[in-house]
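Listing of data.pdb, PDB, C-alpha atoms, pLDDT in the B column
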```
MODEL        1
ATOM      1  CA  MET A  18      81.034 140.590  52.984  1.00 45.00           C
ATOM      2  CA  SER A  19      82.103 138.848  56.195  1.00 48.00           C
ATOM      3  CA  ASP A  20      85.597 137.365  56.499  1.00 49.00           C
ATOM      4  CA  THR A  21      84.043 134.230  58.013  1.00 45.00           C
ATOM      5  CA  SER A  22      84.016 132.103  54.898  1.00 40.00           C
ATOM      6  CA  THR A  23      87.683 132.629  54.063  1.00 38.00           C
ATOM      7  CA  LYS A  24      89.425 131.122  57.081  1.00 43.00           C
ATOM      8  CA  GLN A  25      87.120 129.098  59.298  1.00 45.00           C
ATOM      9  CA  ARG A  26      88.370 125.525  59.182  1.00 44.00           C
ATOM     10  CA  SER A  27      88.151 123.126  62.143  1.00 44.00           C
ATOM     11  CA  ASP A  28      87.391 125.843  64.679  1.00 51.00           C
ATOM     12  CA  SER A  29      85.534 123.432  66.930  1.00 47.00           C
ATOM     13  CA  ALA A  30      88.598 121.204  67.150  1.00 49.00           C
ATOM     14  CA  LEU A  31      90.677 124.193  68.167  1.00 52.00           C
ATOM     15  CA  GLU A  32      88.748 124.332  71.437  1.00 58.00           C
ATOM     16  CA  ASP A  33      90.795 121.343  72.696  1.00 74.00           C
ATOM     17  CA  PRO A  34      93.914 122.899  74.313  1.00 78.00           C
ATOM     18  CA  GLY A  35      95.968 119.669  74.207  1.00 86.00           C
ATOM     19  CA  ALA A  36      95.256 118.967  70.565  1.00 89.00           C
ATOM     20  CA  LEU A  37      95.777 122.626  69.726  1.00 88.00           C
ATOM     21  CA  ALA A  38      99.242 122.566  71.299  1.00 92.00           C
ATOM     22  CA  VAL A  39     100.257 119.524  69.247  1.00 94.00           C
ATOM     23  CA  ALA A  40      98.795 120.943  66.024  1.00 93.00           C
ATOM     24  CA  THR A  41     100.570 124.251  66.641  1.00 93.00           C
ATOM     25  CA  MET A  42     103.882 122.439  67.127  1.00 95.00           C
ATOM     26  CA  TYR A  43     103.526 120.653  63.783  1.00 95.00           C
ATOM     27  CA  ALA A  44     102.316 123.778  61.991  1.00 95.00           C
ATOM     28  CA  ARG A  45     105.244 125.842  63.278  1.00 94.00           C
ATOM     29  CA  SER A  46     107.666 123.055  62.394  1.00 94.00           C
ATOM     30  CA  TYR A  47     106.177 122.879  58.903  1.00 94.00           C
ATOM     31  CA  MET A  48     106.599 126.639  58.380  1.00 92.00           C
ATOM     32  CA  THR A  49     110.135 126.655  59.806  1.00 92.00           C
ATOM     33  CA  SER A  50     111.244 123.689  57.704  1.00 93.00           C
ATOM     34  CA  ALA A  51     109.734 125.264  54.597  1.00 92.00           C
ATOM     35  CA  ALA A  52     111.717 128.456  55.191  1.00 90.00           C
ATOM     36  CA  GLN A  53     114.926 126.514  55.824  1.00 92.00           C
ATOM     37  CA  ASN A  54     114.470 124.508  52.628  1.00 90.00           C
ATOM     38  CA  GLY A  55     113.537 127.494  50.489  1.00 90.00           C
ATOM     39  CA  VAL A  56     109.956 126.304  49.994  1.00 89.00           C
ATOM     40  CA  THR A  57     107.615 129.193  49.187  1.00 85.00           C
ATOM     41  CA  GLY A  58     103.882 129.061  49.846  1.00 85.00           C
ATOM     42  CA  PRO A  59     103.991 125.915  52.027  1.00 85.00           C
ATOM     43  CA  GLU A  60     100.277 126.212  52.691  1.00 90.00           C
ATOM     44  CA  GLU A  61      99.347 125.715  49.046  1.00 93.00           C
ATOM     45  CA  GLU A  62     100.017 121.972  48.878  1.00 94.00           C
ATOM     46  CA  LEU A  63      98.370 121.380  52.241  1.00 94.00           C
ATOM     47  CA  ASN A  64      95.282 123.355  51.222  1.00 94.00           C
ATOM     48  CA  SER A  65      95.180 121.527  47.897  1.00 94.00           C
ATOM     49  CA  LEU A  66      95.278 118.126  49.596  1.00 94.00           C
ATOM     50  CA  MET A  67      92.631 119.061  52.153  1.00 94.00           C
ATOM     51  CA  ASP A  68      90.252 121.096  49.975  1.00 93.00           C
ATOM     52  CA  ASP A  69      90.684 119.635  46.494  1.00 93.00           C
ATOM     53  CA  VAL A  70      91.443 115.991  47.274  1.00 93.00           C
ATOM     54  CA  LEU A  71      90.259 114.826  50.687  1.00 93.00           C
ATOM     55  CA  ALA A  72      87.156 117.032  50.894  1.00 93.00           C
ATOM     56  CA  LYS A  73      86.015 115.842  47.459  1.00 94.00           C
ATOM     57  CA  ASN A  74      86.894 112.178  48.007  1.00 93.00           C
ATOM     58  CA  PRO A  75      85.373 111.061  51.324  1.00 93.00           C
ATOM     59  CA  GLU A  76      86.449 107.434  50.900  1.00 93.00           C
ATOM     60  CA  PHE A  77      90.082 108.397  50.386  1.00 93.00           C
ATOM     61  CA  ASN A  78      89.821 110.799  53.328  1.00 93.00           C
ATOM     62  CA  SER A  79      88.399 108.042  55.516  1.00 93.00           C
ATOM     63  CA  ILE A  80      91.228 105.643  54.640  1.00 93.00           C
ATOM     64  CA  LEU A  81      93.981 108.185  55.284  1.00 93.00           C
ATOM     65  CA  MET A  82      92.501 109.360  58.601  1.00 93.00           C
ATOM     66  CA  SER A  83      91.300 106.002  59.909  1.00 93.00           C
ATOM     67  CA  ASP A  84      92.963 104.398  62.943  1.00 90.00           C
ATOM     68  CA  SER A  85      92.075 100.992  61.533  1.00 93.00           C
ATOM     69  CA  VAL A  86      94.376 101.447  58.538  1.00 94.00           C
ATOM     70  CA  GLY A  87      97.976 100.570  59.377  1.00 95.00           C
ATOM     71  CA  ARG A  88     100.941 102.914  59.237  1.00 95.00           C
ATOM     72  CA  ASP A  89     102.659 101.019  56.421  1.00 96.00           C
ATOM     73  CA  ASP A  90      99.491 101.053  54.324  1.00 95.00           C
ATOM     74  CA  LYS A  91      99.181 104.820  54.741  1.00 96.00           C
ATOM     75  CA  LEU A  92     102.836 105.337  53.860  1.00 96.00           C
ATOM     76  CA  GLY A  93     102.226 103.259  50.764  1.00 96.00           C
ATOM     77  CA  ILE A  94      99.298 105.523  49.831  1.00 94.00           C
ATOM     78  CA  VAL A  95     101.526 108.580  50.145  1.00 95.00           C
ATOM     79  CA  ASP A  96     104.207 106.951  47.977  1.00 96.00           C
ATOM     80  CA  ARG A  97     101.797 105.792  45.264  1.00 95.00           C
ATOM     81  CA  VAL A  98      99.167 108.543  45.199  1.00 93.00           C
ATOM     82  CA  ILE A  99     100.472 111.768  46.719  1.00 94.00           C
ATOM     83  CA  ALA A 100     104.267 111.802  46.270  1.00 95.00           C
ATOM     84  CA  PRO A 101     104.154 111.607  42.428  1.00 94.00           C
ATOM     85  CA  ILE A 102     102.126 114.840  42.243  1.00 92.00           C
ATOM     86  CA  SER A 103     103.532 116.749  45.218  1.00 93.00           C
ATOM     87  CA  SER A 104     106.877 118.141  46.303  1.00 93.00           C
ATOM     88  CA  GLU A 105     109.206 115.835  48.201  1.00 94.00           C
ATOM     89  CA  PHE A 106     109.061 118.301  51.079  1.00 95.00           C
ATOM     90  CA  PHE A 107     105.296 117.924  51.427  1.00 95.00           C
ATOM     91  CA  ALA A 108     105.358 114.149  50.986  1.00 95.00           C
ATOM     92  CA  ASN A 109     107.968 113.907  53.751  1.00 96.00           C
ATOM     93  CA  PHE A 110     105.786 116.017  56.015  1.00 96.00           C
ATOM     94  CA  LEU A 111     102.915 113.585  55.530  1.00 96.00           C
ATOM     95  CA  ARG A 112     105.226 110.648  56.218  1.00 96.00           C
ATOM     96  CA  VAL A 113     106.311 112.223  59.521  1.00 96.00           C
ATOM     97  CA  LEU A 114     102.684 112.693  60.562  1.00 96.00           C
ATOM     98  CA  ILE A 115     101.852 109.087  59.669  1.00 96.00           C
ATOM     99  CA  ARG A 116     104.859 107.655  61.517  1.00 96.00           C
ATOM    100  CA  HIS A 117     103.883 109.592  64.648  1.00 95.00           C
ATOM    101  CA  GLY A 118     100.205 108.708  64.390  1.00 94.00           C
ATOM    102  CA  ARG A 119      99.206 112.335  63.794  1.00 95.00           C
ATOM    103  CA  VAL A 120      97.879 112.322  60.241  1.00 95.00           C
ATOM    104  CA  ALA A 121      94.291 112.662  61.506  1.00 94.00           C
ATOM    105  CA  MET A 122      95.310 116.089  62.816  1.00 95.00           C
ATOM    106  CA  LEU A 123      95.754 117.448  59.276  1.00 95.00           C
ATOM    107  CA  PRO A 124      92.526 119.526  59.366  1.00 94.00           C
ATOM    108  CA  MET A 125      93.589 121.154  62.625  1.00 94.00           C
ATOM    109  CA  ILE A 126      97.159 121.704  61.398  1.00 95.00           C
ATOM    110  CA  GLN A 127      95.731 123.365  58.293  1.00 94.00           C
ATOM    111  CA  SER A 128      93.629 125.699  60.430  1.00 91.00           C
ATOM    112  CA  VAL A 129      96.509 126.560  62.765  1.00 92.00           C
ATOM    113  CA  LEU A 130      98.849 127.130  59.825  1.00 93.00           C
ATOM    114  CA  GLY A 131      96.362 129.575  58.348  1.00 90.00           C
ATOM    115  CA  ARG A 132      96.199 131.491  61.600  1.00 88.00           C
ATOM    116  CA  LEU A 133      99.968 131.606  61.988  1.00 89.00           C
ATOM    117  CA  GLN A 134     100.306 133.022  58.490  1.00 88.00           C
ATOM    118  CA  GLU A 135      97.590 135.579  59.197  1.00 88.00           C
ATOM    119  CA  GLU A 136      99.424 136.699  62.334  1.00 87.00           C
ATOM    120  CA  ALA A 137     102.701 136.924  60.424  1.00 85.00           C
ATOM    121  CA  ALA A 138     100.915 139.208  57.952  1.00 88.00           C
ATOM    122  CA  GLY A 139      99.590 141.421  60.775  1.00 91.00           C
ATOM    123  CA  LYS A 140      96.092 139.943  60.715  1.00 92.00           C
ATOM    124  CA  GLN A 141      94.010 138.294  63.438  1.00 90.00           C
ATOM    125  CA  ARG A 142      90.601 136.681  63.600  1.00 90.00           C
ATOM    126  CA  VAL A 143      87.935 138.320  65.732  1.00 91.00           C
ATOM    127  CA  ARG A 144      84.675 136.588  66.589  1.00 92.00           C
ATOM    128  CA  VAL A 145      81.707 138.961  66.521  1.00 92.00           C
ATOM    129  CA  ARG A 146      78.309 137.993  67.943  1.00 91.00           C
ATOM    130  CA  THR A 147      75.429 140.368  67.334  1.00 90.00           C
ATOM    131  CA  ALA A 148      71.664 140.256  67.777  1.00 88.00           C
ATOM    132  CA  LYS A 149      71.130 140.861  64.056  1.00 90.00           C
ATOM    133  CA  PRO A 150      73.337 140.802  60.953  1.00 93.00           C
ATOM    134  CA  LEU A 151      75.834 143.641  60.679  1.00 90.00           C
ATOM    135  CA  SER A 152      75.389 146.282  58.028  1.00 92.00           C
ATOM    136  CA  GLU A 153      78.373 147.020  55.834  1.00 93.00           C
ATOM    137  CA  SER A 154      78.840 150.389  57.540  1.00 91.00           C
ATOM    138  CA  SER A 155      78.831 148.778  61.003  1.00 90.00           C
ATOM    139  CA  ARG A 156      81.252 146.113  59.801  1.00 92.00           C
ATOM    140  CA  SER A 157      83.627 148.750  58.430  1.00 92.00           C
ATOM    141  CA  GLN A 158      83.405 150.734  61.666  1.00 91.00           C
ATOM    142  CA  ILE A 159      84.234 147.669  63.775  1.00 90.00           C
ATOM    143  CA  ARG A 160      87.213 146.846  61.563  1.00 92.00           C
ATOM    144  CA  GLU A 161      88.505 150.419  61.736  1.00 92.00           C
ATOM    145  CA  GLN A 162      88.156 150.686  65.530  1.00 89.00           C
ATOM    146  CA  LEU A 163      89.788 147.316  66.126  1.00 89.00           C
ATOM    147  CA  GLN A 164      92.687 148.126  63.828  1.00 91.00           C
ATOM    148  CA  ASN A 165      93.236 151.505  65.521  1.00 90.00           C
ATOM    149  CA  LYS A 166      93.075 150.103  69.057  1.00 88.00           C
ATOM    150  CA  MET A 167      94.613 146.652  68.607  1.00 88.00           C
ATOM    151  CA  GLY A 168      97.161 147.357  65.881  1.00 90.00           C
ATOM    152  CA  PHE A 169      96.267 144.459  63.588  1.00 92.00           C
ATOM    153  CA  GLU A 170      93.989 143.924  60.599  1.00 93.00           C
ATOM    154  CA  PRO A 171      90.892 142.137  61.955  1.00 93.00           C
ATOM    155  CA  LEU A 172      89.310 139.234  60.097  1.00 93.00           C
ATOM    156  CA  LEU A 173      85.736 139.203  61.320  1.00 93.00           C
ATOM    157  CA  GLN A 174      83.941 135.934  61.992  1.00 92.00           C
ATOM    158  CA  GLU A 175      80.306 136.889  62.432  1.00 94.00           C
ATOM    159  CA  THR A 176      77.552 135.048  64.282  1.00 92.00           C
ATOM    160  CA  VAL A 177      73.964 136.179  64.790  1.00 94.00           C
ATOM    161  CA  ASP A 178      72.550 135.496  68.270  1.00 89.00           C
ATOM    162  CA  ALA A 179      69.097 137.036  68.818  1.00 88.00           C
ATOM    163  CA  SER A 180      69.289 136.335  72.558  1.00 86.00           C
ATOM    164  CA  LEU A 181      71.826 139.174  72.889  1.00 84.00           C
ATOM    165  CA  ILE A 182      68.890 141.573  72.270  1.00 83.00           C
ATOM    166  CA  GLY A 183      71.300 144.325  71.218  1.00 82.00           C
ATOM    167  CA  GLY A 184      74.957 145.333  71.280  1.00 82.00           C
ATOM    168  CA  MET A 185      77.666 142.783  70.565  1.00 86.00           C
ATOM    169  CA  ILE A 186      80.253 140.392  71.964  1.00 86.00           C
ATOM    170  CA  LEU A 187      83.791 140.485  70.580  1.00 87.00           C
ATOM    171  CA  GLN A 188      86.347 137.733  71.157  1.00 90.00           C
ATOM    172  CA  VAL A 189      89.984 138.473  70.376  1.00 87.00           C
ATOM    173  CA  GLY A 190      92.079 135.415  71.191  1.00 80.00           C
ATOM    174  CA  ASP A 191      91.085 134.390  74.711  1.00 79.00           C
ATOM    175  CA  THR A 192      89.758 137.839  75.646  1.00 88.00           C
ATOM    176  CA  ILE A 193      86.027 138.550  75.477  1.00 86.00           C
ATOM    177  CA  TYR A 194      84.530 142.052  75.307  1.00 86.00           C
ATOM    178  CA  ASP A 195      80.815 141.875  76.131  1.00 84.00           C
ATOM    179  CA  SER A 196      78.765 145.008  75.431  1.00 80.00           C
ATOM    180  CA  SER A 197      75.534 143.169  74.688  1.00 80.00           C
ATOM    181  CA  LEU A 198      72.211 144.446  76.040  1.00 72.00           C
ATOM    182  CA  ARG A 199      71.609 140.995  77.523  1.00 74.00           C
ATOM    183  CA  SER A 200      74.797 141.322  79.569  1.00 71.00           C
ATOM    184  CA  ARG A 201      73.933 144.852  80.711  1.00 70.00           C
ATOM    185  CA  LEU A 202      70.438 143.751  81.779  1.00 69.00           C
ATOM    186  CA  LYS A 203      71.952 140.831  83.665  1.00 71.00           C
ATOM    187  CA  GLN A 204      74.373 143.161  85.444  1.00 71.00           C
ATOM    188  CA  LEU A 205      71.515 145.547  86.280  1.00 69.00           C
ATOM    189  CA  LYS A 206      69.428 142.697  87.666  1.00 65.00           C
ATOM    190  CA  SER A 207      72.392 141.549  89.757  1.00 67.00           C
ATOM    191  CA  ARG A 208      72.872 145.052  91.170  1.00 70.00           C
ATOM    192  CA  LEU A 209      69.163 145.383  91.989  1.00 71.00           C
ATOM    193  CA  VAL A 210      69.145 142.018  93.748  1.00 67.00           C
ATOM    194  CA  GLU A 211      72.276 142.965  95.698  1.00 70.00           C
ATOM    195  CA  LYS A 212      70.732 146.302  96.664  1.00 70.00           C
ATOM    196  CA  ALA A 213      67.518 144.611  97.828  1.00 67.00           C
ATOM    197  CA  PHE A 214      69.519 142.074  99.830  1.00 65.00           C
ATOM    198  CA  ASN A 215      71.527 144.851 101.490  1.00 68.00           C
ATOM    199  CA  GLU A 216      68.356 146.722 102.402  1.00 65.00           C
ATOM    200  CA  ILE A 217      66.842 143.575 103.891  1.00 63.00           C
ATOM    201  CA  GLN A 218      70.016 142.854 105.842  1.00 67.00           C
ATOM    202  CA  SER A 219      70.144 146.460 107.067  1.00 68.00           C
ATOM    203  CA  GLY A 220      66.558 146.170 108.295  1.00 60.00           C
ATOM    204  CA  ARG A 221      67.362 142.941 110.127  1.00 59.00           C
ATOM    205  CA  ASP A 222      70.340 144.596 111.799  1.00 61.00           C
ATOM    206  CA  ARG A 223      68.153 147.439 113.044  1.00 59.00           C
ATOM    207  CA  PHE A 224      65.574 145.045 114.447  1.00 58.00           C
ATOM    208  CA  SER A 225      68.192 142.860 116.118  1.00 61.00           C
ATOM    209  CA  HIS A 226      69.764 145.855 117.894  1.00 59.00           C
ATOM    210  CA  PRO A 227      66.827 147.921 119.278  1.00 57.00           C
ATOM    211  CA  GLU A 228      67.690 151.268 120.792  1.00 57.00           C
ATOM    212  CA  GLY A 229      68.298 151.187 124.520  1.00 49.00           C
ATOM    213  CA  ASP A 230      69.048 147.478 124.569  1.00 50.00           C
TER
ENDMDL
END
```

Just give me the structure as C-alpha cells.
Amino acid sequence: MSDTSTKQRSDSALEDPGALAVATMYARSYMTSAAQNGVTGPEEELNSLMDDVLAKNPEFNSILMSDSVGRDDKLGIVDRVIAPISSEFFANFLRVLIRHGRVAMLPMIQSVLGRLQEEAAGKQRVRVRTAKPLSESSRSQIREQLQNKMGFEPLLQETVDASLIGGMILQVGDTIYDSSLRSRLKQLKSRLVEKAFNEIQSGRDRFSHPEGD
C-alpha cells in the first residue's frame, strides 16, 4: 500500500513559501513549547480537532476559520467548546493563533507539524510520479534504494501520470530526479535539433567563405 493516504494534508497550501514559513514557525514553536511543558504527543489534540471535529462539522469549521467572525467571538468559542475537553496547553495555543489572526492556518500547521515529526523520526516524504501504478515489488525496491542512498525512511506519495510514457519522476524536498521516458525523448529531440542547427550553420559558414576568396 502507498504511504500517500497517511500524511497528505494541505499539500497544495504548502506550495506558498510565505505561508509555509509562517506555518513552520508556529509548528516548531508548538513542538518546542510542548517539550518544555512536558506535553507528550502534542500532535494528538491538533489532529483530533482537525480530523474528528472540524472535518466532520463544516459549519463549526467555517465559523472558526472565517475572517468575518471577530477575535473575541472565536476566543469565546475556544473557552466554551474546546477548552473544557482539551488540555490548557492546547487551548492556549489556539488562543495565540486567534489573537494573531492565524487560526485559519491550522490545516497547514497540522501538515507541517506532521512533517517535522516525520523528520525527527528519520522519515521523509518522497513524491513519485509514474506512467502506471507501481507494483508492490517496485515500491519496495524504490524504498530500499532511497533509504540506502539518502539515509532516511521514505514515505512514498504516488501519482500516476500516463504522459510520462515510462520511467519515473522523484521529488525529495526541492530536488527533482527525472528519469521518465518523456524527459529522455525531450532531451533526445533537443540534441537532434541542436545537431541539425549546427550542421546548417556549418554549411552556411562554408558557403560564406568560398575557397580562394

Neighbour residues at most 12 Å from (88.5, 137.2, 70.3) (all atoms listed in the file) as a ChimeraX atom specification
/A:141-146,163,167,171-175,186-195

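Among A:Arg112, A:Arg160, A:Lys149, A:Arg45, the residue with the shortest atom-to-atom distance to A:Glu60, counting all atoms listed in the file, is A:Arg45.
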
Quick one: residues within 12 Å of A:Asp178, only C-alpha atoms, excluding same-chain residues fewer than 4 positions away - as a PyMOL selection string?
chain A and resi 145-151+182-186+197-199

Which distance in Å separates atom CA of A:Ser103 and atom CA of A:Glu62, to one decimal?
7.3 Å

Could the residues of stretch 83-148 of chain A that have an atom at most 10 Å from stretch 76-79 of chain A be listed as a Markdown table, each with its closest atom pair and the distance in Å to one decimal, counting all atoms listed in the file and ordered by chain and ascending residue number?
```
| residue | atom | partner | partner_atom | distance |
| --- | --- | --- | --- | --- |
| A:Ser83 | CA | A:Ser79 | CA | 5.6 |
| A:Asp84 | CA | A:Ser79 | CA | 9.4 |
| A:Ser85 | CA | A:Ser79 | CA | 10.0 |
| A:Val86 | CA | A:Ser79 | CA | 9.4 |
| A:Ile94 | CA | A:Phe77 | CA | 9.7 |
| A:Ala121 | CA | A:Asn78 | CA | 9.5 |
```

Of the listed residues A:Ala36, A:Gly87, A:Pro124, A:Arg119, that which approaches A:Ala72 most closely, counting all atoms listed in the file:
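Looking at the shortest contact to A:Ala72, the residue is A:Pro124.
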
Kindly reconstruct stretch 106-117 of chain A with N, CA and C atoms and present the result as an mmCIF file, keeping the file's coordinate frame.
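Result file is result32.cif:
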```
data_model
loop_
_atom_site.group_PDB
_atom_site.id
_atom_site.type_symbol
_atom_site.label_atom_id
_atom_site.label_comp_id
_atom_site.auth_asym_id
_atom_site.auth_seq_id
_atom_site.Cartn_x
_atom_site.Cartn_y
_atom_site.Cartn_z
ATOM 1 N N PHE A 106 109.195 117.675 49.758
ATOM 2 C CA PHE A 106 109.061 118.301 51.079
ATOM 3 C C PHE A 106 107.701 117.992 51.696
ATOM 4 N N PHE A 107 106.647 118.164 50.907
ATOM 5 C CA PHE A 107 105.296 117.924 51.427
ATOM 6 C C PHE A 107 105.065 116.439 51.679
ATOM 7 N N ALA A 108 105.521 115.598 50.790
ATOM 8 C CA ALA A 108 105.358 114.149 50.986
ATOM 9 C C ALA A 108 106.064 113.702 52.266
ATOM 10 N N ASN A 109 107.248 114.252 52.526
ATOM 11 C CA ASN A 109 107.968 113.907 53.751
ATOM 12 C C ASN A 109 107.224 114.376 54.992
ATOM 13 N N PHE A 110 106.582 115.522 54.892
ATOM 14 C CA PHE A 110 105.786 116.017 56.015
ATOM 15 C C PHE A 110 104.655 115.042 56.344
ATOM 16 N N LEU A 111 103.983 114.551 55.319
ATOM 17 C CA LEU A 111 102.915 113.585 55.530
ATOM 18 C C LEU A 111 103.461 112.290 56.128
ATOM 19 N N ARG A 112 104.614 111.867 55.681
ATOM 20 C CA ARG A 112 105.226 110.648 56.218
ATOM 21 C C ARG A 112 105.533 110.801 57.711
ATOM 22 N N VAL A 113 106.023 111.970 58.100
ATOM 23 C CA VAL A 113 106.311 112.223 59.521
ATOM 24 C C VAL A 113 105.029 112.130 60.342
ATOM 25 N N LEU A 114 103.957 112.745 59.850
ATOM 26 C CA LEU A 114 102.684 112.693 60.562
ATOM 27 C C LEU A 114 102.191 111.253 60.710
ATOM 28 N N ILE A 115 102.314 110.484 59.640
ATOM 29 C CA ILE A 115 101.852 109.087 59.669
ATOM 30 C C ILE A 115 102.676 108.268 60.654
ATOM 31 N N ARG A 116 103.990 108.437 60.626
ATOM 32 C CA ARG A 116 104.859 107.655 61.517
ATOM 33 C C ARG A 116 104.603 107.972 62.994
ATOM 34 N N HIS A 117 104.162 109.199 63.271
ATOM 35 C CA HIS A 117 103.883 109.592 64.648
ATOM 36 C C HIS A 117 102.401 109.487 65.013
#
```
